Structures are given as C-alpha cells and as structure tokens.
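Undergrad: File structure23.txt below, compact mmCIF, C-alpha atoms:
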# COMPACT_ATOMS: atom_id res chain seq x y z
CA MET O 2 15.78 -6.52 -4.68
CA LEU O 3 15.83 -7.01 -0.92
CA ALA O 4 12.56 -7.51 0.99
CA THR O 5 12.01 -5.19 3.94
CA ALA O 6 12.24 -8.10 6.39
CA SER O 7 15.61 -9.04 4.92
CA GLN O 8 16.71 -5.42 5.25
CA LEU O 9 16.01 -5.76 8.98
CA VAL O 10 18.44 -8.70 9.10
CA LEU O 11 21.17 -6.49 7.64
CA ARG O 12 20.29 -3.74 10.11
CA ASN O 13 21.03 -6.25 12.89
CA ILE O 14 23.99 -7.93 11.22
CA ASN O 15 26.17 -7.35 14.30
CA ASP O 16 24.02 -9.91 16.14
CA LEU O 17 25.30 -12.62 13.78
CA ASN O 18 28.54 -14.43 14.44
CA GLY O 19 30.46 -17.56 13.51
CA LYS O 20 28.52 -20.37 11.86
CA VAL O 21 25.19 -18.85 10.82
CA LEU O 22 22.13 -20.84 9.73
CA VAL O 23 19.47 -18.79 7.94
CA VAL O 24 16.14 -20.63 8.03
CA GLU O 25 13.30 -20.29 5.48
CA PRO O 26 14.47 -16.90 4.12
CA MET O 27 12.65 -14.96 1.46
CA ALA O 28 13.58 -15.29 -2.22
CA ASP O 29 15.83 -12.26 -2.53
CA SER O 30 19.49 -11.23 -2.46
CA LEU O 31 20.06 -11.53 1.31
CA ALA O 32 22.78 -14.16 0.87
CA THR O 33 24.80 -11.87 -1.42
CA GLU O 34 24.37 -8.90 0.93
CA LEU O 35 25.47 -10.87 3.99
CA ARG O 36 28.51 -12.15 2.12
CA HIS O 37 29.42 -8.63 1.05
CA LEU O 38 28.97 -7.00 4.46
CA SER O 39 30.31 -9.81 6.69
CA PRO O 40 32.53 -12.14 4.65
CA GLU O 41 33.83 -13.75 7.87
CA LEU O 42 30.45 -15.42 8.55
CA GLU O 43 30.12 -19.13 7.68
CA LEU O 44 26.73 -19.13 5.97
CA SER O 45 24.30 -22.03 5.78
CA CYS O 46 20.68 -22.00 4.68
CA TYR O 47 17.73 -24.32 5.36
CA SER O 48 14.91 -23.67 2.89
CA THR O 49 11.92 -25.75 1.82
CA ASP O 50 11.05 -23.16 -0.85
CA ALA O 51 12.54 -23.81 -4.29
CA ALA O 52 12.70 -20.12 -5.24
CA ALA O 53 14.46 -19.11 -2.02
CA ALA O 54 16.82 -22.08 -2.29
CA THR O 55 17.84 -20.89 -5.76
CA CYS O 56 18.69 -17.47 -4.32
CA TRP O 57 20.91 -19.14 -1.69
CA ASN O 58 22.60 -21.57 -4.06
CA HIS O 59 26.13 -20.11 -3.89
CA ASP O 60 29.49 -21.76 -3.39
CA TYR O 61 29.91 -19.87 -0.10
CA VAL O 62 26.62 -21.22 1.33
CA THR O 63 25.94 -24.73 2.63
CA LEU O 64 22.39 -25.33 1.45
CA TYR O 65 19.86 -27.72 3.02
CA THR O 66 16.56 -28.29 1.20
CA ASP O 67 15.27 -31.62 2.53
CA VAL O 68 12.23 -31.53 4.80
CA SER O 69 14.30 -33.25 7.51
CA PRO O 70 17.86 -32.10 6.73
CA GLN O 71 20.95 -33.93 7.91
CA PHE O 72 22.87 -31.09 9.55
CA THR O 73 26.50 -31.51 10.55
CA GLY O 74 27.29 -30.02 13.94
CA THR O 75 25.73 -27.07 15.73
CA PHE O 76 25.53 -23.39 14.80
CA ASP O 77 26.57 -20.24 16.62
CA THR O 78 23.65 -18.25 15.22
CA VAL O 79 20.26 -19.26 13.83
CA VAL O 80 18.14 -16.68 12.00
CA LEU O 81 14.55 -17.76 11.30
CA PHE O 82 11.96 -15.99 9.16
CA TYR O 83 8.59 -16.13 10.94
CA PRO O 84 6.30 -18.37 8.85
CA LYS O 85 2.80 -17.45 7.75
CA SER O 86 1.64 -20.82 9.10
CA LYS O 87 1.88 -20.77 12.89
CA GLU O 88 2.09 -24.58 12.98
CA GLN O 89 5.15 -24.43 10.77
CA LEU O 90 7.19 -22.66 13.47
CA ALA O 91 6.92 -25.64 15.81
CA PHE O 92 7.67 -28.03 12.95
CA THR O 93 10.75 -26.07 11.83
CA LEU O 94 12.13 -25.67 15.34
CA GLY O 95 11.72 -29.42 15.79
CA GLN O 96 13.94 -29.94 12.74
CA LEU O 97 16.54 -27.57 14.22
CA LYS O 98 16.75 -28.64 17.86
CA ASN O 99 19.75 -30.91 17.33
CA VAL O 100 21.83 -28.05 15.89
CA ILE O 101 21.04 -25.66 18.74
CA SER O 102 23.51 -25.74 21.63
CA THR O 103 23.35 -23.83 24.90
CA ASN O 104 25.57 -21.19 23.25
CA THR O 105 23.52 -20.80 20.08
CA GLU O 106 21.86 -17.43 19.62
CA ILE O 107 18.50 -17.60 17.87
CA PHE O 108 16.78 -14.69 16.18
CA VAL O 109 13.33 -14.54 14.57
CA TYR O 110 12.32 -11.81 12.14
CA GLY O 111 9.31 -11.03 9.99
CA ASP O 112 6.78 -8.60 8.61
CA ASN O 113 4.26 -7.18 11.09
CA LYS O 114 1.39 -8.15 8.76
CA GLY O 115 2.69 -11.73 8.74
CA GLY O 116 1.78 -12.21 12.40
CA ILE O 117 5.16 -11.83 14.09
CA LYS O 118 3.66 -9.44 16.64
CA SER O 119 2.23 -12.54 18.35
CA LEU O 120 5.59 -14.31 18.57
CA ALA O 121 5.94 -13.86 22.35
CA SER O 122 2.63 -15.62 23.09
CA HIS O 123 3.34 -18.19 20.38
CA ALA O 124 6.74 -18.95 21.86
CA GLN O 125 5.27 -19.29 25.34
CA LYS O 126 2.95 -22.05 24.13
CA LEU O 127 6.06 -23.89 22.92
CA GLY O 128 7.77 -23.46 26.29
CA LEU O 129 10.09 -20.77 24.94
CA GLY O 130 10.64 -17.06 25.49
CA ALA O 131 10.97 -14.17 23.03
CA ASN O 132 12.37 -10.67 23.48
CA LYS O 133 11.76 -7.91 20.94
CA LEU O 134 15.09 -6.32 20.00
CA ASP O 135 14.32 -4.11 17.02
CA ASN O 136 11.39 -2.59 15.13
CA ALA O 137 11.89 -1.02 11.70
CA LYS O 138 10.37 -1.00 8.21
CA HIS O 139 7.14 -2.49 9.61
CA CYS O 140 9.14 -5.56 10.63
CA LEU O 141 10.29 -6.98 13.97
CA TRP O 142 13.51 -8.63 15.19
CA PHE O 143 13.31 -10.97 18.20
CA SER O 144 15.65 -13.16 20.19
CA LEU O 145 14.23 -16.59 20.97
CA PHE O 146 15.42 -18.56 23.99
CA GLY O 147 14.66 -21.61 26.13
CA ASP O 148 15.23 -25.34 26.21
CA PHE O 149 14.87 -26.30 22.55
CA SER O 150 15.77 -29.94 23.25
CA ARG O 151 12.34 -30.39 24.85
CA LEU O 152 10.48 -29.44 21.69
CA ALA O 153 8.36 -32.22 20.21
CA ASN O 154 9.01 -33.51 16.72
CA VAL O 155 6.02 -32.63 14.54
CA SER O 156 5.18 -35.26 11.94
CA ALA O 157 2.77 -35.42 9.02
CA SER O 158 -0.93 -35.61 9.83
CA SER O 159 -3.43 -37.70 7.90
CA PHE O 160 -7.15 -37.36 7.26
CA THR O 161 -9.75 -38.94 5.00
CA ILE O 162 -12.02 -37.19 2.51
CA ASN O 163 -15.04 -38.30 0.54
CA ALA O 164 -15.29 -36.28 -2.66
CA ALA O 165 -16.30 -36.76 -6.30
CA GLY O 166 -17.50 -40.26 -5.49
CA GLU O 167 -14.13 -41.38 -4.11
CA THR O 168 -12.54 -41.85 -0.69
CA LEU O 169 -8.92 -40.75 -0.29
CA THR O 170 -6.46 -40.66 2.59
CA LEU O 171 -4.49 -37.43 2.54
CA HIS O 172 -1.23 -36.57 4.30
CA SER O 173 -0.13 -33.05 5.12
CA LEU O 174 2.67 -31.14 6.86
CA PRO O 175 2.63 -27.75 8.60
CA GLY O 176 3.21 -25.04 6.02
CA VAL O 177 1.39 -26.91 3.25
CA PHE O 178 -1.63 -25.09 1.80
CA ASN O 179 -4.74 -25.64 3.95
CA HIS O 180 -2.84 -28.03 6.21
CA GLY O 181 -5.02 -30.85 7.54
CA LYS O 182 -8.25 -30.11 5.67
CA LEU O 183 -9.84 -29.90 2.25
CA ASP O 184 -10.47 -26.28 1.24
CA ILE O 185 -13.70 -25.15 -0.43
CA GLY O 186 -12.07 -24.23 -3.73
CA THR O 187 -10.33 -27.57 -4.18
CA ALA O 188 -13.55 -29.40 -3.25
CA LEU O 189 -15.33 -27.58 -6.11
CA LEU O 190 -12.48 -28.45 -8.47
CA LEU O 191 -12.64 -32.14 -7.54
CA ASP O 192 -16.27 -32.19 -8.63
CA ASN O 193 -15.34 -30.62 -11.99
CA LEU O 194 -12.14 -32.37 -13.04
CA PRO O 195 -11.43 -32.86 -16.75
CA ASP O 196 -12.23 -36.23 -18.27
CA VAL O 197 -8.68 -37.17 -19.23
CA SER O 198 -8.18 -40.90 -19.67
CA GLN O 199 -4.55 -40.95 -20.78
CA GLY O 200 -1.45 -38.84 -21.40
CA LYS O 201 0.79 -36.70 -19.23
CA VAL O 202 -1.16 -34.86 -16.53
CA LEU O 203 0.27 -32.22 -14.19
CA ASP O 204 -1.11 -31.29 -10.78
CA PHE O 205 0.54 -27.87 -10.40
CA ALA O 206 1.00 -26.38 -6.91
CA CYS O 207 -0.01 -29.79 -5.63
CA GLY O 208 -0.08 -29.05 -1.89
CA CYS O 209 -0.96 -32.31 -0.16
CA GLY O 210 -1.50 -34.01 -3.54
CA VAL O 211 -5.27 -34.36 -3.43
CA ILE O 212 -5.97 -33.22 -7.01
CA GLY O 213 -3.40 -35.52 -8.58
CA ALA O 214 -4.45 -38.42 -6.37
CA MET O 215 -8.09 -37.98 -7.41
CA LEU O 216 -7.15 -37.80 -11.10
CA LYS O 217 -5.02 -40.94 -10.82
CA ARG O 218 -7.75 -42.78 -8.90
CA LYS O 219 -10.36 -41.97 -11.54
CA HIS O 220 -8.04 -42.41 -14.53
CA PRO O 221 -5.33 -45.00 -13.70
CA ALA O 222 -3.85 -44.91 -17.22
CA ILE O 223 -2.66 -41.28 -16.99
CA GLU O 224 1.00 -40.49 -16.35
CA LEU O 225 0.76 -38.26 -13.29
CA PHE O 226 3.18 -35.47 -12.44
CA SER O 227 2.75 -33.34 -9.32
CA SER O 228 4.81 -30.23 -8.62
CA ASP O 229 5.08 -27.56 -5.96
CA ILE O 230 7.54 -24.84 -4.97
CA SER O 231 7.57 -26.28 -1.43
CA SER O 232 9.46 -29.45 -0.51
CA LEU O 233 6.99 -29.76 2.38
CA ALA O 234 4.23 -30.14 -0.22
CA VAL O 235 6.37 -32.55 -2.25
CA LYS O 236 6.81 -34.76 0.81
CA ALA O 237 3.11 -34.57 1.68
CA THR O 238 2.12 -35.51 -1.88
CA GLU O 239 4.50 -38.47 -1.89
CA LEU O 240 2.88 -39.68 1.35
CA THR O 241 -0.62 -39.14 -0.06
CA LEU O 242 0.09 -41.12 -3.23
CA ALA O 243 1.69 -43.94 -1.24
CA ALA O 244 -1.22 -44.07 1.22
CA ASN O 245 -3.65 -44.59 -1.66
CA LYS O 246 -1.39 -46.99 -3.57
CA LEU O 247 -1.13 -44.59 -6.50
CA SER O 248 1.90 -43.87 -8.70
CA GLY O 249 3.19 -40.51 -9.83
CA THR O 250 6.29 -38.34 -10.20
CA VAL O 251 6.53 -35.56 -7.62
CA ILE O 252 8.81 -32.59 -8.32
CA ALA O 253 9.97 -29.53 -6.38
CA ALA O 254 9.97 -26.65 -8.85
CA ASP O 255 9.61 -22.87 -8.99
CA GLY O 256 7.03 -22.65 -11.77
CA LEU O 257 6.24 -25.46 -14.19
CA PRO O 258 8.73 -28.34 -13.96
CA GLU O 259 11.21 -28.49 -16.82
CA ILE O 260 10.47 -32.14 -17.58
CA PRO O 261 8.39 -33.34 -19.34
CA LYS O 262 8.43 -30.64 -21.98
CA GLN O 263 4.74 -31.08 -22.86
CA PHE O 264 1.58 -31.99 -20.94
CA ASP O 265 -1.80 -33.18 -22.17
CA CYS O 266 -3.60 -31.74 -19.19
CA ILE O 267 -2.75 -29.34 -16.35
CA VAL O 268 -4.98 -28.99 -13.29
CA SER O 269 -4.40 -26.61 -10.41
CA ASN O 270 -5.62 -24.59 -7.48
CA PRO O 271 -2.85 -22.05 -8.17
CA PRO O 272 -1.35 -19.68 -5.58
CA PHE O 273 -2.16 -16.01 -5.88
CA HIS O 274 -0.10 -14.72 -2.95
CA THR O 275 3.48 -13.62 -2.48
CA GLY O 276 3.69 -13.77 1.29
CA ILE O 277 0.52 -11.98 2.38
CA LYS O 278 -0.12 -9.90 -0.77
CA THR O 279 -2.28 -10.79 -3.76
CA ASP O 280 0.13 -11.20 -6.67
CA TYR O 281 -1.28 -11.72 -10.17
CA SER O 282 2.21 -12.03 -11.67
CA ILE O 283 2.56 -15.58 -10.29
CA VAL O 284 -0.63 -16.93 -11.84
CA ASP O 285 -0.18 -14.85 -15.03
CA THR O 286 3.20 -16.47 -15.58
CA PHE O 287 1.74 -19.90 -14.79
CA ILE O 288 -1.14 -19.45 -17.25
CA ARG O 289 1.15 -18.27 -20.08
CA GLN O 290 3.63 -21.07 -19.45
CA SER O 291 0.79 -23.59 -19.40
CA SER O 292 -0.50 -22.41 -22.77
CA ALA O 293 2.97 -22.91 -24.26
CA ARG O 294 3.55 -26.32 -22.64
CA LEU O 295 0.23 -28.00 -23.45
CA SER O 296 -0.23 -30.37 -26.39
CA ALA O 297 -2.43 -29.24 -29.29
CA ASN O 298 -5.53 -30.83 -27.76
CA GLY O 299 -4.49 -30.15 -24.17
CA SER O 300 -6.42 -28.25 -21.51
CA LEU O 301 -5.81 -26.21 -18.38
CA THR O 302 -8.35 -26.49 -15.55
CA ILE O 303 -8.05 -24.21 -12.52
CA VAL O 304 -10.10 -23.07 -9.55
CA ALA O 305 -9.85 -19.54 -8.16
CA ASN O 306 -11.66 -17.04 -6.01
CA SER O 307 -14.44 -15.82 -8.29
CA HIS O 308 -13.68 -12.14 -7.59
CA LEU O 309 -10.16 -12.44 -9.02
CA ALA O 310 -9.55 -11.51 -12.66
CA TYR O 311 -8.62 -15.00 -13.85
CA MET O 312 -11.01 -15.08 -16.80
CA GLU O 313 -9.21 -12.11 -18.38
CA LEU O 314 -5.78 -13.66 -17.80
CA LEU O 315 -6.90 -16.95 -19.33
CA GLN O 316 -8.47 -15.25 -22.35
CA GLN O 317 -5.21 -13.44 -23.04
CA ALA O 318 -3.30 -16.74 -23.23
CA PHE O 319 -5.83 -19.24 -24.63
CA LYS O 320 -8.19 -19.33 -27.60
CA LYS O 321 -11.14 -20.75 -25.66
CA VAL O 322 -12.04 -20.33 -21.98
CA THR O 323 -15.11 -21.86 -20.32
CA LEU O 324 -16.57 -21.28 -16.86
CA LYS O 325 -17.29 -24.85 -15.71
CA ALA O 326 -18.67 -24.17 -12.23
CA LYS O 327 -19.23 -21.39 -9.71
CA ALA O 328 -20.13 -21.77 -6.04
CA ASN O 329 -19.26 -20.48 -2.56
CA GLY O 330 -17.09 -17.66 -3.90
CA PHE O 331 -15.02 -19.89 -6.21
CA ALA O 332 -15.03 -20.56 -9.94
CA VAL O 333 -13.64 -23.40 -12.06
CA TYR O 334 -12.30 -22.47 -15.51
CA ARG O 335 -11.19 -24.67 -18.39
CA ALA O 336 -8.95 -23.27 -21.14
CA THR O 337 -7.79 -24.77 -24.44
CA ASN O 338 -6.07 -23.61 -27.60
CA GLN O 339 -8.75 -25.16 -29.76
CA SER O 340 -11.14 -22.61 -31.29
So, in terms of structure tokens, how does the structure I just supplied come out?
TA:
Amino acid sequence: MLATASQLVLRNINDLNGKVLVVEPMADSLATELRHLSPELELSCYSTDAAAATCWNHDYVTLYTDVSPQFTGTFDTVVLFYPKSKEQLAFTLGQLKNVISTNTEIFVYGDNKGGIKSLASHAQKLGLGANKLDNAKHCLWFSLFGDFSRLANVSASSFTINAAGETLTLHSLPGVFNHGKLDIGTALLLDNLPDVSQGKVLDFACGCGVIGAMLKRKHPAIELFSSDISSLAVKATELTLAANKLSGTVIAADGLPEIPKQFDCIVSNPPFHTGIKTDYSIVDTFIRQSSARLSANGSLTIVANSHLAYMELLQQAFKKVTLKAKANGFAVYRATNQS
C-alpha cells in the first residue's frame, strides 16, 4: 500500500530526472512504483528507518542507511520527506550538502498534519527558500533552493540526568525520541525498573539509550541488548553507553531483534505512533512477540500513557499483569507468564 504522501511523489514524477536520491521515505512500495513508472531513473535511497530501508532494499536501488553515509558523487534530484522532528531537517540536509550541486533539484514533500505547511518559514531560518508546487491528498510538494554548502553540520548533543539514584550522561541526535531531554514517562519507568541481576536484558525502542544504560549501571552483570528501528537512535545509544563506560550490544531492527532468540527481561517505553497517528498494531505486535521471546521466568516492563489500552493488550498475551506505578498521566506495567 502506498501512503498518500508517496502518492504525491508519483503525481509529480515528471519533476524527477537522472540520478535520484530519495531521503527518509515512508515504509511503503514507492520504490517499486517509481521503478515501474520511470525505469530510466537511477534510484538511490538514504533512510535511517529500518522498516523503510527494507522496502527500498532492491537490486535497482543504491541504499544508504548509516547516520553519516558515504555518498559517491552528486545527484540530479533529491526528494526529501519532511520529518516530524523539525531539528531533523537541518541535520539531514547537513548530511546531504556534499551531494548537492548547483544543478541539483531538491523537492520536499509531506503530510499537512506533519507540519510541512511551515516549511517556508523553517527553510528561511536555515538560509534557504521554499516554493509550494503542488497540493493534493492533504499533502504538499515543495521545491527547496539556496546555498546548501553553507549549512552547518549538526552533531549529537549531550546532557546529564539524575534519576533513580544515579547520574548518567546521555547523547542524542535530532529525530531521536524526546531529543535532548528526559521525558516524563521514561523518568517514571526509571524509578520502577525490574530488579534483574543477570541474564539477557533488552531495552526495546531504546531512543538515546537511557533505559539500558540505567539497567547496566545498576546491574553490571546483565548482558544488555538495545534495539531501535532508527539508526539515529542506535548511534545515540552507542554514544550514551560509551560516555558512561558501559557495555552493550546495540541493534537496528524493525521489531524485536532476531538475535538472541530469548530474553530474560524486556524493558521499554514503546512507540504508539505511525507517523502522527496512534497505532495500537505496533505495540500489540511488540507485546505478543515479547511474550513468545521471554524465558519461563522472564518479564516485560513498559511505560505508557495511562489513557491507552495497554492493560488489555498485556492481559491478552501474558498470564499475569501488574500495575507498578501511575503518575503524571503515565503508567508502568509488568507482565510475566507465571501465574
């Protein structure tokens, strides 16, 4: 299925020519559609999202998934999906400036509800200009222009937190969940972490890595795994663990990582959005997969907005579910398969 924003790309396919770089696209069939409609285009894709990267993993696409990709040469056309995080636009353009020549045409597209209506003012703050070219399916198509070589390179930011009796230095990148600060839900989770002294522990949807880092700090004997769909989060977590002299395996994965096959404990502040919409299917799949991948005595601990129906989802997949804490609109649940 093709997202409406991706349909707008096809509607403007005549704007694309030569070597085309599609940046941070949605996880849909856009690559296949572009290949079918304009086989003459030389397609490349830069994606920090594991699900989208899988959709673009074809033999006719040159795929870049590193946070700071090593591009070869410049492109004739760059097509960029407008990110939900406004800071991510500056970061992404900074990664692209060396592949943009004076002849490169740059287009930005996105859903109206995702904030793209403000692109012109956003671009102006970056020293760039934006012209609206098309408006359809509640989405917009812009051209972006200016001197991209003058854009600053945006690097990871760091900040220190004091939580659960520990002090940690955290690193984050634009586009990572709650970039540059500790959110209320995770803070509640940090005060209610499971007492797991050993075994394989997964910090799922790790973001900047704070949950895994706290678990490793409090329980050095655990074997820590941290995973996220975003390679931006993977990089941030690697930096966070290194800054606190902690060890762990960090994995980019759409869903639970394939290895190891079994965990003794899974902890998460799981995502409940697809783009800008609440999407229970993501967390429902995560909860069911967690139940199947935990050891006999294992547990799943998550934090969520207290108004969301997580208790029901957990009770459908686990034998025992306990509300461990509730405050400031968030709730911490612990689930096990022990009666």
Undergrad: What is the distance between atom CA of Phe226 of chain O and atom CA of Ala165 of chain O, in Å to one decimal?
TA: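 These atoms are spaced 20.5 Å apart.
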Undergrad: May I have a table of the residues of segment 87-114 of chain O lying at most 12 Å from segment 31-49 of chain O, giving each one's closest pair of atoms and their distance in Å to one decimal, counting all atoms listed in the file, ordered by chain and ascending residue number, as CSV?
TA:
residue,atom,partner,partner_atom,distance
O:Gln89,CA,O:Thr49,CA,11.3
O:Thr93,CA,O:Tyr47,CA,9.7
O:Leu94,CA,O:Tyr47,CA,11.5
O:Gln96,CA,O:Tyr47,CA,10.0
O:Leu97,CA,O:Tyr47,CA,9.5
O:Val100,CA,O:Tyr47,CA,11.9
Undergrad: If I put a ball of radius 9 Å at (-2.8, -33.1, -5.8) in the file's coordinates, which residues poke into it when counting only C-alpha atoms, written as a count of residues only?
TA: 21
Undergrad: Would you tabulate, counting all atoms listed in the file, all residues of segment 110-229 of chain O that have an atom at most 12 Å from an atom of segment 313-325 of chain O, showing the closest pair of atoms and their distance in Å to one decimal, sorted by chain then ascending number, as a tab-separated table?
TA:
residue	atom	partner	partner_atom	distance
O:Leu189	CA	O:Lys325	CA	10.2
O:Leu190	CA	O:Lys325	CA	9.4
O:Leu191	CA	O:Lys325	CA	11.9
O:Asp192	CA	O:Lys325	CA	10.2
O:Asn193	CA	O:Lys325	CA	7.1
O:Leu194	CA	O:Lys325	CA	9.5
O:Pro195	CA	O:Lys325	CA	10.0
Undergrad: Any chance you can output those residues with C-alpha atoms as a compact mmCIF listing (two decimals), in the coordinates of the input?
TA:
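Saved as result.txt:
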# COMPACT_ATOMS: atom_id res chain seq x y z
CA LEU O 189 -15.33 -27.58 -6.11
CA LEU O 190 -12.48 -28.45 -8.47
CA LEU O 191 -12.64 -32.14 -7.54
CA ASP O 192 -16.27 -32.19 -8.63
CA ASN O 193 -15.34 -30.62 -11.99
CA LEU O 194 -12.14 -32.37 -13.04
CA PRO O 195 -11.43 -32.86 -16.75
Undergrad: Can you tell me which residues surround Lys236 of chain O at a distance of at most 10 Å, considering all atoms listed in the file, apart from same-chain residues fewer than 4 positions away, and format the answer as a list in words?
TA: Asp67, Val68, Ala157, His172, Ser173, Leu174, Val177, Gly208, Cys209, Gly210, Ser231, Ser232, Leu240, Thr241, Val251, Ile252 and Ala253 of chain O
Undergrad: Between O:Asn306, O:Thr5, O:Asn179, O:Ser292, which residue has the minimum interatomic distance to Asn338 of chain O, considering all atoms listed in the file?
TA: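 Between O:Asn306, O:Thr5, O:Asn179, O:Ser292, the residue approaching Asn338 of chain O most closely is O:Ser292.
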Undergrad: Here is a test: counting only C-alpha atoms, which residue of O:Val304, O:Leu141, O:Leu3, O:Ala131 is nearest to Gly115 of chain O?
TA: O:Leu141
Undergrad: Just want the 12 Å neighbourhood of segment 122-130 of chain O, counted on all atoms listed in the file, with same-chain residues fewer than 6 positions away dropped. Output as an NGL selection string.
TA: :O and (83-84 or 86-92 or 94-95 or 107-109 or 116 or 143-154)
Undergrad: Could you list, as a PyMOL selection string, every residue within 9 Å of Asp255 of chain O, counting all atoms listed in the file and ignoring same-chain residues fewer than 3 positions away?
TA: chain O and resi 50-52+228-231+258
Undergrad: What separation in Å, quoted to one decimal, exists between atom CA of Asp77 of chain O and atom CA of Asn18 of chain O?
TA: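 Computing the Euclidean distance for atom CA of Asp77 of chain O and atom CA of Asn18 of chain O yields 6.5 Å.
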Undergrad: With distances taken over all atoms listed in the file, which residue among O:Lys217, O:Lys133, O:Arg335, O:His139 lies nearest Glu167 of chain O?
TA: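 Selected residue with least distance to Glu167 of chain O: O:Lys217.
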